[in-house]
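Colleague: Quick one: this structure, given as structure tokens, is what I'll be asking you about.
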Amino acid sequence: MKISRKEVEHVAALARLAFSPEEVELFTRQFNDILDYINKLNEIDLEDVEPTSHVQPLHTVLREDEAVPGDSALLEAVLREAPETENGFFKVPPVID
Amino acid sequence: MPAAYEVIIGLEVHVELHTTSKMFCACPNRFGAEPNTNTCPVCLGLPGSLPVFNKNALELALRAALALNCRVNRYSRFARKNYFYPDLPKAYQISQYEFPLAAHGQLAVYKNRELLRNVKIERLHLEEDAGKLLHDEGQAYSYVDYNRCGVPLVEIVTGPDLRSPEEARIFLETLRRTLLYTRISDCKMEEGSLRCDANISLRPWGSETLGQKVEIKNMNSFKAVQRGLEYEVKRQAEILDRGGRINQETRRWHEDKGMTDEMRSKEGEQDYRYFPEPDLPPVIVEDSLLTRIGTELPELPLPRYRRLLAEYGLTPYQAEIITGDRDLADFYEETVRIYYEPQKAANWLLGDVLKLFKQFPGAIKQSPFTPLHLAQLLKLVDGEQISGRTAKEVLEESFNSGKMPELIVREKSLGQISESHELEKVVDTVLRENGAAVRDYREGHKKAVTFLMGSVMKATGGKANPQLVIALLEEKLAKIGE
Amino acid sequence: MHLFTLTAVEAAQALQRREISSVQLVRDIYDRIDNVEPQVRGFISLLSREEALAAAENVDRMLKQGVSLSPLAGIPMALKDNICTNGIPTTCASLILKGYRPPYDAHVTTALREAGAILIGKSNMDEFAMGSSTENSAYHLTCNPWDLQRVPGGSSGGSAALVAAGEVFFALGSDTGGSIRQPASFCGVVGLKPTYGLVSRYGLIAFASSLDQIGPLTRDVQDCAYVLEIIAGHDPRDSTSVSREKERYTAYLGKEIKGQRVALPVECFGEGLEKEIKELVMGALAKCTEVGVSVYEASAPSTAYALPAYYLVAPAEASSNLARYDGIQYGLSIRSGSNLLDLYYATRSKGFGAEVKRRIMLGTYALSSGYYDAYYLKALKMRTLIRQEFESIFKDHDFIVTPTSPTVAFKIGEQKDDPLTMYLNDIYTITANLCGFPAISIPCGFVEGMPVGLQVIGRPFDEGRMLQFCYVLESLLGLKGRLAEMKLKEE
Ligand SMILES: [Zn+2]
């Protein structure tokens, strides 16, 4: 399976990353090298193998439904880190879909 | 309604679960707080924070699954749904994908007590809510509040089973009643704790294939669901009539303008890149848990309606209203348990009591007026200790103060005067003071007794037991005649 | 004698005996830092001497009052810069988190703080832990204290270099595909990746959530056991943290290892492995046989596919974990554009380095519709096969031993432009991450003056016996607690 420039550009858009044409060129090449290597997986018949999404034995982890009120000092610290805030809201540029 | 096409509607309903804390952190699950005050590193998606699943969210979702007759999957797991949006601080939503909590359910929908349809519930899965993005029309900025972020939701997806906008509305109302009954959610569409998107398509009658479906969003009330879909039926029918084609798109309903328009899509072609959530182990539902949830599940509206008809001989109308609200039905049955006069209890409950409940700001359960109050009131009436008219006064007073009816009657001396020696004195006085009427009576004008009766009632402030007054008057008048 | 040459446990014992004070340790460490840090550059941020001294004074006061403290109270240490520290910058060596001060402590930060360990600074790393040389730090290079022309390994290169250079007594790193063990090997220190779930990941800034574990980098095996004892244990804030009784790892040290059975997977001793490294590992095992350990050849053919599986799973999870760096809530935010999309593109394109972007792209691709089954799902299935093979080896062997890395530390810049070659550094280490097994690297000798590491992989939660084994091996090899000899500018 080879990946095309166009696909690289599509993936970049999904990931919200912008690249110059040269970067896309380089990425496409590196991508294909890596994918060639990864395609080694196709050598193995995995048809009947169960996938492992979690390495631990199955069991549900739950917490009790108890509420702890928001911590105002923490919120203050959080808002301090924010690029822009107003009246306790995070401020963002207008959403243009 | 253009009759040339069959309308096919499926709904996707999001319901906020009525938990104390959020789905994956201990922040309060509460509507209407100051912006961002109900947040912590977890629901803000701060780097390094991790989710831990709320047990009650699981139990409520299981309850919903059972109430909707779903098959619960013993193995389900969370998946990440990846997309960028400012109300989604991790840039992914923890949801379920390949392995939802439950599937294959159904909900019976009735109109005027006749079965309209058994609507399939295709799946029911758990997910976290996003925050809120506030845009001011024409403003250069948008504002984000993460208070709602991480509130537990179930998403309920129906099959393409609904056949009209009205049916869609009735389904949604039935769903709401079921979820209220089981105390899964407060289901307030205006606060967003119940939200509904619809997929709608039209096809010529008799066609086997489905037409191109369109997704409709932003229908924020039951009425809006029906109106929005009605608009859409008309719009699509007009396009098809002209020989046009329906576009695959998402449209937004504008309640004020009474129309839908195309929403610009968020991400050209959506590709959510779902994959198993590594931070959360799978959800394994044990037999014991499922059994307990099943046992705790209250009787649902429909079986209760049927039972009330059979058990108490209520009319369908009465039973429908009473079972329409779990609190009201509970109130009714508790009253009847203490005071077994099902018809009388129903008459009072659906009459004056319901009127008061409707004015009461809180839930029926929270009202100071309890089944014990109503039962006592009805017993007072039955025992002729108060008249029907007085009973209404006592009801109102009891409703406002929470005092027991007996106490009110005693404190305000509202009891009927049924003691004959007390009444005798009044009757004697009335006879003495109304010589003319007594004469008329003796001369054969029997109607004069009505006047004398009125005078007695007037003198007692209406508290005299009328049967007793008549008896006394007749007895005394006869004696005078001897 | 300089105090910095002591191991953490030696220093701690001297402290408990009140022969030295924590303040003295901190002073000595800062002097050492002044001397060698300009060459090593292992810190991304360093706490002020005053701050560290204040914490040390506090410990000294408590010791004086006879308060019983943990064995590592008063010992200076460093945390990798992807471990959250309340109010102290935690950047993951990325521009996108430049200056970011988390409002909370990671679980391990709290555990060490409560144990009285003294935080000196945050250590350099490959950006978001993606890399094997620490060259992917957005801020600066870190040099290998054994040869400043060489890389310290990565991604926990800063932690390994600081321990090897005597700038801290121990450090924590994180390991997603070998990021503790490979730099430990390159820098001649001990590095342990615990069983997945043994140490809480709460407050560890995620790279690949199903693979990440925090672990110690120390001067010797004993120090490793002491640090592990402090950081291991159940944390209800991490759903993957395992609830089991706390173990006393230090109690295993000094016990015999006679009768233990070691497997050598032939696949890890073939092509690509430097001959001298192979000889050192075999030599070390020969010494083990002298104390009654049996060594067997074994085969795990699926390990050949571990690297491709890893380079799907890790980037896929990373692409999702790193999506939150979007310039809305914290960190870099480039707001010169007119709308939200501009903000996303500008911030993320400027904020992430080349390797991080490469992996985000790879992971996004692997998860995108139409490719999930061909790539991601296959990788998850491969994970099952590899685990099954290892489990069957563990049925009749206690440990699996391999080299930690196929080479010694390479020259700075040597592999920078060749991602695939760089990825091969992880070839022996990633299996433990894919399976969740514990694995440790300890020094087993030198090739041309550069340290070589030997890796021991154990059964889940068998850290105690692994440490017991390594403790014996370490003393058989006589390589305990060696610091890099550094030419100092001025003594
Ligand atoms: Zn929260």
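Letters A, B, ... go to the chains of the structure tokens in the order shown; residues in each chain start at 1; ligands are counted from 1 in the same order.
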With only C-alpha atoms and all ligand atoms counted, collect every polymer residue having an atom within 8 Å of ligand 1; state the result as a VMD selection string.
Modeller: (chain A and resid 70) or (chain B and resid 22 24 to 28 38 to 44 149 to 150)
Colleague: Emit the selected residues as a PDB file, in the first residue's frame, including N, CA and C atoms.
Modeller:
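So the final result, stored in out-v4.pdb, reads:
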ATOM      1  N   GLY A  70     -16.196  22.269  42.796  1.00  0.00           N
ATOM      2  CA  GLY A  70     -15.044  22.814  42.087  1.00  0.00           C
ATOM      3  C   GLY A  70     -14.143  23.602  43.038  1.00  0.00           C
TER       4      GLY A  70
ATOM      5  N   LYS B  22     -20.079  13.978  37.861  1.00  0.00           N
ATOM      6  CA  LYS B  22     -19.945  13.769  36.424  1.00  0.00           C
ATOM      7  C   LYS B  22     -19.543  12.330  36.101  1.00  0.00           C
ATOM      8  N   PHE B  24     -16.794  10.989  34.656  1.00  0.00           N
ATOM      9  CA  PHE B  24     -15.436  10.486  34.873  1.00  0.00           C
ATOM     10  C   PHE B  24     -14.666  11.264  35.933  1.00  0.00           C
ATOM     11  N   CYS B  25     -15.332  12.181  36.625  1.00  0.00           N
ATOM     12  CA  CYS B  25     -14.655  12.923  37.691  1.00  0.00           C
ATOM     13  C   CYS B  25     -15.696  13.282  38.742  1.00  0.00           C
ATOM     14  N   ALA B  26     -15.233  13.873  39.843  1.00  0.00           N
ATOM     15  CA  ALA B  26     -16.127  14.126  40.982  1.00  0.00           C
ATOM     16  C   ALA B  26     -16.794  15.499  40.921  1.00  0.00           C
ATOM     17  N   CYS B  27     -16.659  16.216  39.819  1.00  0.00           N
ATOM     18  CA  CYS B  27     -17.310  17.527  39.743  1.00  0.00           C
ATOM     19  C   CYS B  27     -18.830  17.357  39.785  1.00  0.00           C
ATOM     20  N   PRO B  28     -19.526  18.326  40.407  1.00  0.00           N
ATOM     21  CA  PRO B  28     -20.989  18.213  40.484  1.00  0.00           C
ATOM     22  C   PRO B  28     -21.625  18.229  39.098  1.00  0.00           C
ATOM     23  N   ASN B  38     -17.664  24.314  37.870  1.00  0.00           N
ATOM     24  CA  ASN B  38     -17.783  22.872  38.144  1.00  0.00           C
ATOM     25  C   ASN B  38     -16.794  22.101  37.285  1.00  0.00           C
ATOM     26  N   THR B  39     -15.525  22.411  37.470  1.00  0.00           N
ATOM     27  CA  THR B  39     -14.525  21.746  36.634  1.00  0.00           C
ATOM     28  C   THR B  39     -13.329  21.313  37.469  1.00  0.00           C
ATOM     29  N   CYS B  40     -12.543  20.395  36.887  1.00  0.00           N
ATOM     30  CA  CYS B  40     -11.320  19.907  37.528  1.00  0.00           C
ATOM     31  C   CYS B  40     -10.381  19.471  36.402  1.00  0.00           C
ATOM     32  N   PRO B  41      -9.156  19.059  36.741  1.00  0.00           N
ATOM     33  CA  PRO B  41      -8.236  18.657  35.669  1.00  0.00           C
ATOM     34  C   PRO B  41      -8.820  17.601  34.727  1.00  0.00           C
ATOM     35  N   VAL B  42      -9.660  16.709  35.259  1.00  0.00           N
ATOM     36  CA  VAL B  42     -10.170  15.618  34.420  1.00  0.00           C
ATOM     37  C   VAL B  42     -11.150  16.139  33.366  1.00  0.00           C
ATOM     38  N   CYS B  43     -12.185  16.877  33.822  1.00  0.00           N
ATOM     39  CA  CYS B  43     -13.174  17.306  32.826  1.00  0.00           C
ATOM     40  C   CYS B  43     -12.671  18.485  31.993  1.00  0.00           C
ATOM     41  N   LEU B  44     -11.596  19.136  32.446  1.00  0.00           N
ATOM     42  CA  LEU B  44     -10.975  20.150  31.602  1.00  0.00           C
ATOM     43  C   LEU B  44     -10.003  19.516  30.608  1.00  0.00           C
ATOM     44  N   CYS B 149     -19.214  19.822  30.574  1.00  0.00           N
ATOM     45  CA  CYS B 149     -18.280  18.860  30.016  1.00  0.00           C
ATOM     46  C   CYS B 149     -18.123  17.662  30.950  1.00  0.00           C
ATOM     47  N   GLY B 150     -18.366  16.468  30.438  1.00  0.00           N
ATOM     48  CA  GLY B 150     -18.207  15.273  31.262  1.00  0.00           C
ATOM     49  C   GLY B 150     -19.471  14.835  31.982  1.00  0.00           C
TER      50      GLY B 150
END
Colleague: List every residue of chain C that has an atom at most 9 Å from any atom of chain B, and for each one report the closest atom pair and its distance in Å to one decimal, counting only C-alpha atoms, with rows sorted by chain and then by increasing residue number, as a Markdown table.
Modeller:
| residue | atom | partner | partner_atom | distance |
| --- | --- | --- | --- | --- |
| C:Asn82 | CA | B:Gly48 | CA | 8.4 |
| C:Ile83 | CA | B:Gly48 | CA | 7.8 |
| C:Cys84 | CA | B:Gly48 | CA | 7.1 |
| C:Pro102 | CA | B:Leu46 | CA | 8.1 |
| C:Pro103 | CA | B:Pro41 | CA | 8.0 |
| C:Tyr104 | CA | B:Pro41 | CA | 7.9 |
| C:Ala106 | CA | B:Gly48 | CA | 7.5 |
| C:Arg201 | CA | B:Gly48 | CA | 7.5 |
| C:Tyr202 | CA | B:Ser49 | CA | 5.8 |
| C:Gly203 | CA | B:Gly48 | CA | 4.0 |
| C:Leu204 | CA | B:Gly48 | CA | 4.6 |
| C:Ile205 | CA | B:Gly48 | CA | 4.0 |
| C:Ala206 | CA | B:Gly48 | CA | 6.0 |
| C:Ala208 | CA | B:Pro278 | CA | 8.5 |
| C:Ser209 | CA | B:Pro278 | CA | 5.8 |
| C:Ser210 | CA | B:Pro278 | CA | 5.3 |
| C:Pro236 | CA | B:Val52 | CA | 7.8 |
| C:Arg237 | CA | B:Val52 | CA | 6.4 |
| C:Asp238 | CA | B:Leu50 | CA | 6.0 |
| C:Ser239 | CA | B:Val52 | CA | 5.7 |
| C:Thr240 | CA | B:Asp279 | CA | 6.6 |
| C:Ala316 | CA | B:Phe275 | CA | 8.7 |
| C:Glu317 | CA | B:Pro278 | CA | 8.1 |
| C:Ser320 | CA | B:Asn82 | CA | 6.8 |
| C:Asn321 | CA | B:Lys90 | CA | 7.6 |
| C:Leu322 | CA | B:Lys90 | CA | 8.5 |
| C:Ala323 | CA | B:Ala91 | CA | 5.5 |
| C:Arg324 | CA | B:Lys90 | CA | 4.6 |
| C:Tyr325 | CA | B:Lys90 | CA | 8.3 |
| C:Asp326 | CA | B:Phe84 | CA | 8.3 |
| C:Ile328 | CA | B:Pro86 | CA | 6.8 |
| C:Gln329 | CA | B:Pro89 | CA | 7.8 |
| C:Tyr330 | CA | B:Leu46 | CA | 8.7 |
| C:Ser338 | CA | B:Ala140 | CA | 9.0 |
| C:Asn339 | CA | B:Tyr141 | CA | 8.9 |
| C:Leu340 | CA | B:Pro86 | CA | 8.6 |
| C:Tyr344 | CA | B:Phe84 | CA | 8.7 |
| C:Thr364 | CA | B:Arg273 | CA | 7.5 |
| C:Tyr365 | CA | B:Arg273 | CA | 9.0 |
| C:Ala366 | CA | B:Arg273 | CA | 8.8 |
| C:Leu367 | CA | B:Arg273 | CA | 5.1 |
| C:Ser368 | CA | B:Arg273 | CA | 5.1 |
| C:Ser369 | CA | B:Asp271 | CA | 6.4 |
| C:Tyr372 | CA | B:Arg273 | CA | 8.1 |
| C:Tyr376 | CA | B:Phe275 | CA | 8.6 |
Colleague: I'd like a table as JSON lines: residues in chain A with an atom no more than 8 Å from chain B, each row giving the shortest atom pair and its distance in Å to one decimal, only C-alpha atoms counted, sorted by chain and rising residue number.
Modeller:
{"residue": "A:Leu14", "atom": "CA", "partner": "B:Asp271", "partner_atom": "CA", "distance": 7.9}
{"residue": "A:Ser53", "atom": "CA", "partner": "B:Pro276", "partner_atom": "CA", "distance": 6.5}
{"residue": "A:His54", "atom": "CA", "partner": "B:Pro278", "partner_atom": "CA", "distance": 6.5}
{"residue": "A:Leu58", "atom": "CA", "partner": "B:Pro282", "partner_atom": "CA", "distance": 6.7}
{"residue": "A:His59", "atom": "CA", "partner": "B:Ile284", "partner_atom": "CA", "distance": 6.3}
{"residue": "A:Thr60", "atom": "CA", "partner": "B:Val283", "partner_atom": "CA", "distance": 5.0}
{"residue": "A:Val61", "atom": "CA", "partner": "B:Phe53", "partner_atom": "CA", "distance": 6.8}
{"residue": "A:Leu62", "atom": "CA", "partner": "B:Phe53", "partner_atom": "CA", "distance": 5.0}
{"residue": "A:Arg63", "atom": "CA", "partner": "B:Asn54", "partner_atom": "CA", "distance": 5.1}
{"residue": "A:Glu64", "atom": "CA", "partner": "B:Lys55", "partner_atom": "CA", "distance": 5.6}
{"residue": "A:Asp65", "atom": "CA", "partner": "B:Ser21", "partner_atom": "CA", "distance": 5.7}
{"residue": "A:Glu66", "atom": "CA", "partner": "B:Ser21", "partner_atom": "CA", "distance": 5.8}
{"residue": "A:Ala67", "atom": "CA", "partner": "B:Ser21", "partner_atom": "CA", "distance": 4.7}
{"residue": "A:Val68", "atom": "CA", "partner": "B:Ala26", "partner_atom": "CA", "distance": 5.3}
{"residue": "A:Pro69", "atom": "CA", "partner": "B:Cys27", "partner_atom": "CA", "distance": 5.9}
{"residue": "A:Gly70", "atom": "CA", "partner": "B:Asn38", "partner_atom": "CA", "distance": 4.8}
{"residue": "A:Asp71", "atom": "CA", "partner": "B:Cys40", "partner_atom": "CA", "distance": 7.5}
{"residue": "A:Ser72", "atom": "CA", "partner": "B:Thr37", "partner_atom": "CA", "distance": 7.1}
{"residue": "A:Leu74", "atom": "CA", "partner": "B:Cys40", "partner_atom": "CA", "distance": 7.6}
{"residue": "A:Leu75", "atom": "CA", "partner": "B:Thr37", "partner_atom": "CA", "distance": 7.0}
{"residue": "A:Gly88", "atom": "CA", "partner": "B:Pro35", "partner_atom": "CA", "distance": 5.8}
{"residue": "A:Phe89", "atom": "CA", "partner": "B:Val144", "partner_atom": "CA", "distance": 5.4}
{"residue": "A:Phe90", "atom": "CA", "partner": "B:Val144", "partner_atom": "CA", "distance": 5.0}
{"residue": "A:Lys91", "atom": "CA", "partner": "B:Tyr143", "partner_atom": "CA", "distance": 4.8}
{"residue": "A:Val92", "atom": "CA", "partner": "B:Ser142", "partner_atom": "CA", "distance": 5.2}
{"residue": "A:Pro93", "atom": "CA", "partner": "B:Tyr141", "partner_atom": "CA", "distance": 4.8}
{"residue": "A:Pro94", "atom": "CA", "partner": "B:Tyr141", "partner_atom": "CA", "distance": 4.9}
{"residue": "A:Val95", "atom": "CA", "partner": "B:Ser142", "partner_atom": "CA", "distance": 7.2}
{"residue": "A:Asp97", "atom": "CA", "partner": "B:Lys266", "partner_atom": "CA", "distance": 5.3}
Colleague: Output the contact residues of chain A with respect to chain C at a cut-off of 7 Å, based on only C-alpha atoms, as number ranges by chain.
Modeller: A: 11-12, 15-18, 34, 37-38, 41, 46, 49-55, 61, 74, 77-78, 81-83, 90, 92-96
Colleague: Just N, CA and C atoms for this one: save the residues we selected as a PDB file, in the first residue's frame.
Modeller:
ATOM      1  N   VAL A  11      -4.697  13.634   5.621  1.00  0.00           N
ATOM      2  CA  VAL A  11      -4.393  13.247   6.997  1.00  0.00           C
ATOM      3  C   VAL A  11      -3.945  14.486   7.795  1.00  0.00           C
ATOM      4  N   ALA A  12      -3.158  15.336   7.154  1.00  0.00           N
ATOM      5  CA  ALA A  12      -2.700  16.565   7.820  1.00  0.00           C
ATOM      6  C   ALA A  12      -3.897  17.422   8.220  1.00  0.00           C
ATOM      7  N   ALA A  15      -5.562  16.097  11.235  1.00  0.00           N
ATOM      8  CA  ALA A  15      -4.758  16.324  12.437  1.00  0.00           C
ATOM      9  C   ALA A  15      -4.541  17.810  12.700  1.00  0.00           C
ATOM     10  N   ARG A  16      -5.117  18.665  11.851  1.00  0.00           N
ATOM     11  CA  ARG A  16      -4.951  20.109  12.002  1.00  0.00           C
ATOM     12  C   ARG A  16      -3.478  20.511  11.996  1.00  0.00           C
ATOM     13  N   LEU A  17      -2.767  19.975  11.022  1.00  0.00           N
ATOM     14  CA  LEU A  17      -1.368  20.341  10.846  1.00  0.00           C
ATOM     15  C   LEU A  17      -1.195  20.901   9.435  1.00  0.00           C
ATOM     16  N   ALA A  18      -0.427  21.974   9.328  1.00  0.00           N
ATOM     17  CA  ALA A  18      -0.169  22.569   8.019  1.00  0.00           C
ATOM     18  C   ALA A  18       1.275  22.276   7.621  1.00  0.00           C
ATOM     19  N   ILE A  34       8.182   4.026   6.234  1.00  0.00           N
ATOM     20  CA  ILE A  34       7.687   3.467   7.492  1.00  0.00           C
ATOM     21  C   ILE A  34       6.579   2.460   7.224  1.00  0.00           C
ATOM     22  N   TYR A  37       7.770  -0.845   6.107  1.00  0.00           N
ATOM     23  CA  TYR A  37       8.236  -1.620   7.252  1.00  0.00           C
ATOM     24  C   TYR A  37       7.054  -2.194   8.028  1.00  0.00           C
ATOM     25  N   ILE A  38       6.056  -1.347   8.249  1.00  0.00           N
ATOM     26  CA  ILE A  38       4.883  -1.767   9.001  1.00  0.00           C
ATOM     27  C   ILE A  38       4.112  -2.865   8.268  1.00  0.00           C
ATOM     28  N   LEU A  41       3.588  -6.715   8.843  1.00  0.00           N
ATOM     29  CA  LEU A  41       2.500  -7.365   9.588  1.00  0.00           C
ATOM     30  C   LEU A  41       1.642  -8.234   8.684  1.00  0.00           C
ATOM     31  N   LEU A  46      -3.507 -13.255  10.810  1.00  0.00           N
ATOM     32  CA  LEU A  46      -4.039 -12.821  12.109  1.00  0.00           C
ATOM     33  C   LEU A  46      -5.556 -12.970  12.170  1.00  0.00           C
ATOM     34  N   VAL A  49      -7.105 -14.203  15.445  1.00  0.00           N
ATOM     35  CA  VAL A  49      -6.496 -13.741  16.697  1.00  0.00           C
ATOM     36  C   VAL A  49      -7.345 -12.623  17.292  1.00  0.00           C
ATOM     37  N   GLU A  50      -7.590 -12.716  18.586  1.00  0.00           N
ATOM     38  CA  GLU A  50      -8.318 -11.647  19.288  1.00  0.00           C
ATOM     39  C   GLU A  50      -7.406 -10.433  19.452  1.00  0.00           C
ATOM     40  N   PRO A  51      -7.913  -9.233  19.207  1.00  0.00           N
ATOM     41  CA  PRO A  51      -7.071  -8.054  19.433  1.00  0.00           C
ATOM     42  C   PRO A  51      -6.909  -7.756  20.930  1.00  0.00           C
ATOM     43  N   THR A  52      -5.752  -7.238  21.309  1.00  0.00           N
ATOM     44  CA  THR A  52      -5.527  -6.817  22.695  1.00  0.00           C
ATOM     45  C   THR A  52      -5.599  -5.300  22.750  1.00  0.00           C
ATOM     46  N   SER A  53      -6.691  -4.775  23.321  1.00  0.00           N
ATOM     47  CA  SER A  53      -6.737  -3.314  23.460  1.00  0.00           C
ATOM     48  C   SER A  53      -6.272  -2.906  24.851  1.00  0.00           C
ATOM     49  N   HIS A  54      -6.423  -3.806  25.820  1.00  0.00           N
ATOM     50  CA  HIS A  54      -5.976  -3.543  27.187  1.00  0.00           C
ATOM     51  C   HIS A  54      -5.181  -4.750  27.659  1.00  0.00           C
ATOM     52  N   VAL A  55      -4.001  -4.514  28.235  1.00  0.00           N
ATOM     53  CA  VAL A  55      -3.164  -5.660  28.597  1.00  0.00           C
ATOM     54  C   VAL A  55      -3.587  -6.307  29.901  1.00  0.00           C
ATOM     55  N   VAL A  61     -13.718  -0.978  36.417  1.00  0.00           N
ATOM     56  CA  VAL A  61     -13.268  -0.111  37.500  1.00  0.00           C
ATOM     57  C   VAL A  61     -14.272   1.028  37.638  1.00  0.00           C
ATOM     58  N   LEU A  74      -7.852  26.241  42.114  1.00  0.00           N
ATOM     59  CA  LEU A  74      -7.437  25.500  40.928  1.00  0.00           C
ATOM     60  C   LEU A  74      -7.948  26.193  39.664  1.00  0.00           C
ATOM     61  N   ALA A  77      -5.861  29.070  38.829  1.00  0.00           N
ATOM     62  CA  ALA A  77      -4.601  28.649  38.203  1.00  0.00           C
ATOM     63  C   ALA A  77      -4.834  28.239  36.755  1.00  0.00           C
ATOM     64  N   VAL A  78      -5.946  27.576  36.504  1.00  0.00           N
ATOM     65  CA  VAL A  78      -6.263  27.138  35.144  1.00  0.00           C
ATOM     66  C   VAL A  78      -6.471  28.350  34.232  1.00  0.00           C
ATOM     67  N   GLU A  81      -3.418  30.143  33.065  1.00  0.00           N
ATOM     68  CA  GLU A  81      -2.667  29.515  31.975  1.00  0.00           C
ATOM     69  C   GLU A  81      -3.293  29.793  30.611  1.00  0.00           C
ATOM     70  N   ALA A  82      -4.540  30.250  30.613  1.00  0.00           N
ATOM     71  CA  ALA A  82      -5.279  30.362  29.356  1.00  0.00           C
ATOM     72  C   ALA A  82      -4.789  31.557  28.544  1.00  0.00           C
ATOM     73  N   PRO A  83      -4.743  31.385  27.229  1.00  0.00           N
ATOM     74  CA  PRO A  83      -4.312  32.489  26.361  1.00  0.00           C
ATOM     75  C   PRO A  83      -5.230  33.715  26.492  1.00  0.00           C
ATOM     76  N   PHE A  90     -13.394  30.816  28.745  1.00  0.00           N
ATOM     77  CA  PHE A  90     -12.271  30.785  27.818  1.00  0.00           C
ATOM     78  C   PHE A  90     -12.741  31.474  26.543  1.00  0.00           C
ATOM     79  N   VAL A  92     -12.318  32.320  22.584  1.00  0.00           N
ATOM     80  CA  VAL A  92     -11.738  31.744  21.365  1.00  0.00           C
ATOM     81  C   VAL A  92     -12.177  32.540  20.148  1.00  0.00           C
ATOM     82  N   PRO A  93     -11.365  32.491  19.097  1.00  0.00           N
ATOM     83  CA  PRO A  93     -11.779  33.178  17.864  1.00  0.00           C
ATOM     84  C   PRO A  93     -13.066  32.562  17.351  1.00  0.00           C
ATOM     85  N   PRO A  94     -13.794  33.308  16.528  1.00  0.00           N
ATOM     86  CA  PRO A  94     -15.093  32.815  16.071  1.00  0.00           C
ATOM     87  C   PRO A  94     -14.953  31.487  15.327  1.00  0.00           C
ATOM     88  N   VAL A  95     -15.936  30.636  15.537  1.00  0.00           N
ATOM     89  CA  VAL A  95     -15.943  29.337  14.872  1.00  0.00           C
ATOM     90  C   VAL A  95     -16.475  29.531  13.461  1.00  0.00           C
ATOM     91  N   ILE A  96     -15.614  29.362  12.485  1.00  0.00           N
ATOM     92  CA  ILE A  96     -16.069  29.391  11.089  1.00  0.00           C
ATOM     93  C   ILE A  96     -15.986  27.961  10.594  1.00  0.00           C
TER      94      ILE A  96
END
Colleague: Would you list the contacts of region 108-110 of chain C as JSON, numbers by chain, taking every protein, DNA or RNA residue within 12 Å and counting only C-alpha atoms, but skipping same-chain residues closer than 5 positions in sequence?
Modeller: {"B": [48], "C": [77, 78, 79, 80, 81, 82, 83, 84, 85, 86, 88, 115, 116, 117, 118, 119, 121, 122, 171, 172, 173, 174, 198, 199, 200, 201, 202, 203, 204, 213, 214, 215, 216, 227, 228, 229, 230, 231, 232, 233, 234, 235, 238]}
Colleague: Store the residues picked out above in a file with C-alpha atoms, as a short mmCIF file (atom, residue, chain, number, x, y, z; two decimals), in the first residue's frame.
Modeller:
data_model
loop_
_atom_site.label_atom_id
_atom_site.label_comp_id
_atom_site.auth_asym_id
_atom_site.auth_seq_id
_atom_site.Cartn_x
_atom_site.Cartn_y
_atom_site.Cartn_z
CA GLY B 48 -1.96 13.98 32.51
CA MET C 77 16.12 13.94 42.66
CA ALA C 78 14.72 14.96 39.27
CA LEU C 79 11.49 14.25 37.43
CA LYS C 80 11.12 13.87 33.70
CA ASP C 81 9.44 16.92 32.26
CA ASN C 82 6.29 15.02 31.31
CA ILE C 83 5.42 14.41 34.97
CA CYS C 84 3.13 17.11 36.33
CA THR C 85 4.42 19.30 39.14
CA ASN C 86 2.00 21.81 40.62
CA ILE C 88 6.42 24.18 38.25
CA ALA C 115 8.35 10.64 51.17
CA GLY C 116 10.45 13.76 51.67
CA ALA C 117 12.53 13.44 48.49
CA ILE C 118 13.82 16.83 47.31
CA LEU C 119 12.84 17.90 43.81
CA GLY C 121 14.44 20.06 38.65
CA LYS C 122 12.72 18.68 35.59
CA ALA C 171 15.30 10.40 38.70
CA LEU C 172 11.99 9.26 37.32
CA GLY C 173 11.43 8.65 33.66
CA SER C 174 8.62 7.28 31.57
CA LEU C 198 1.86 -0.91 38.97
CA VAL C 199 2.61 2.83 39.04
CA SER C 200 -0.21 5.31 38.60
CA ARG C 201 -0.12 7.31 35.40
CA TYR C 202 -2.19 10.10 36.95
CA GLY C 203 -0.35 13.29 36.06
CA LEU C 204 1.95 11.67 33.51
CA GLN C 213 4.64 3.55 32.58
CA ILE C 214 6.65 5.68 34.99
CA GLY C 215 9.77 4.16 36.49
CA PRO C 216 13.03 4.93 38.30
CA VAL C 227 12.34 4.26 44.66
CA LEU C 228 9.93 1.70 43.28
CA GLU C 229 8.62 1.00 46.76
CA ILE C 230 7.67 4.66 47.07
CA ILE C 231 6.02 5.17 43.70
CA ALA C 232 4.26 1.81 43.24
CA GLY C 233 0.77 1.17 44.51
CA HIS C 234 -2.88 1.56 43.72
CA ASP C 235 -4.24 4.99 42.82
CA ASP C 238 -5.99 5.89 37.37
#
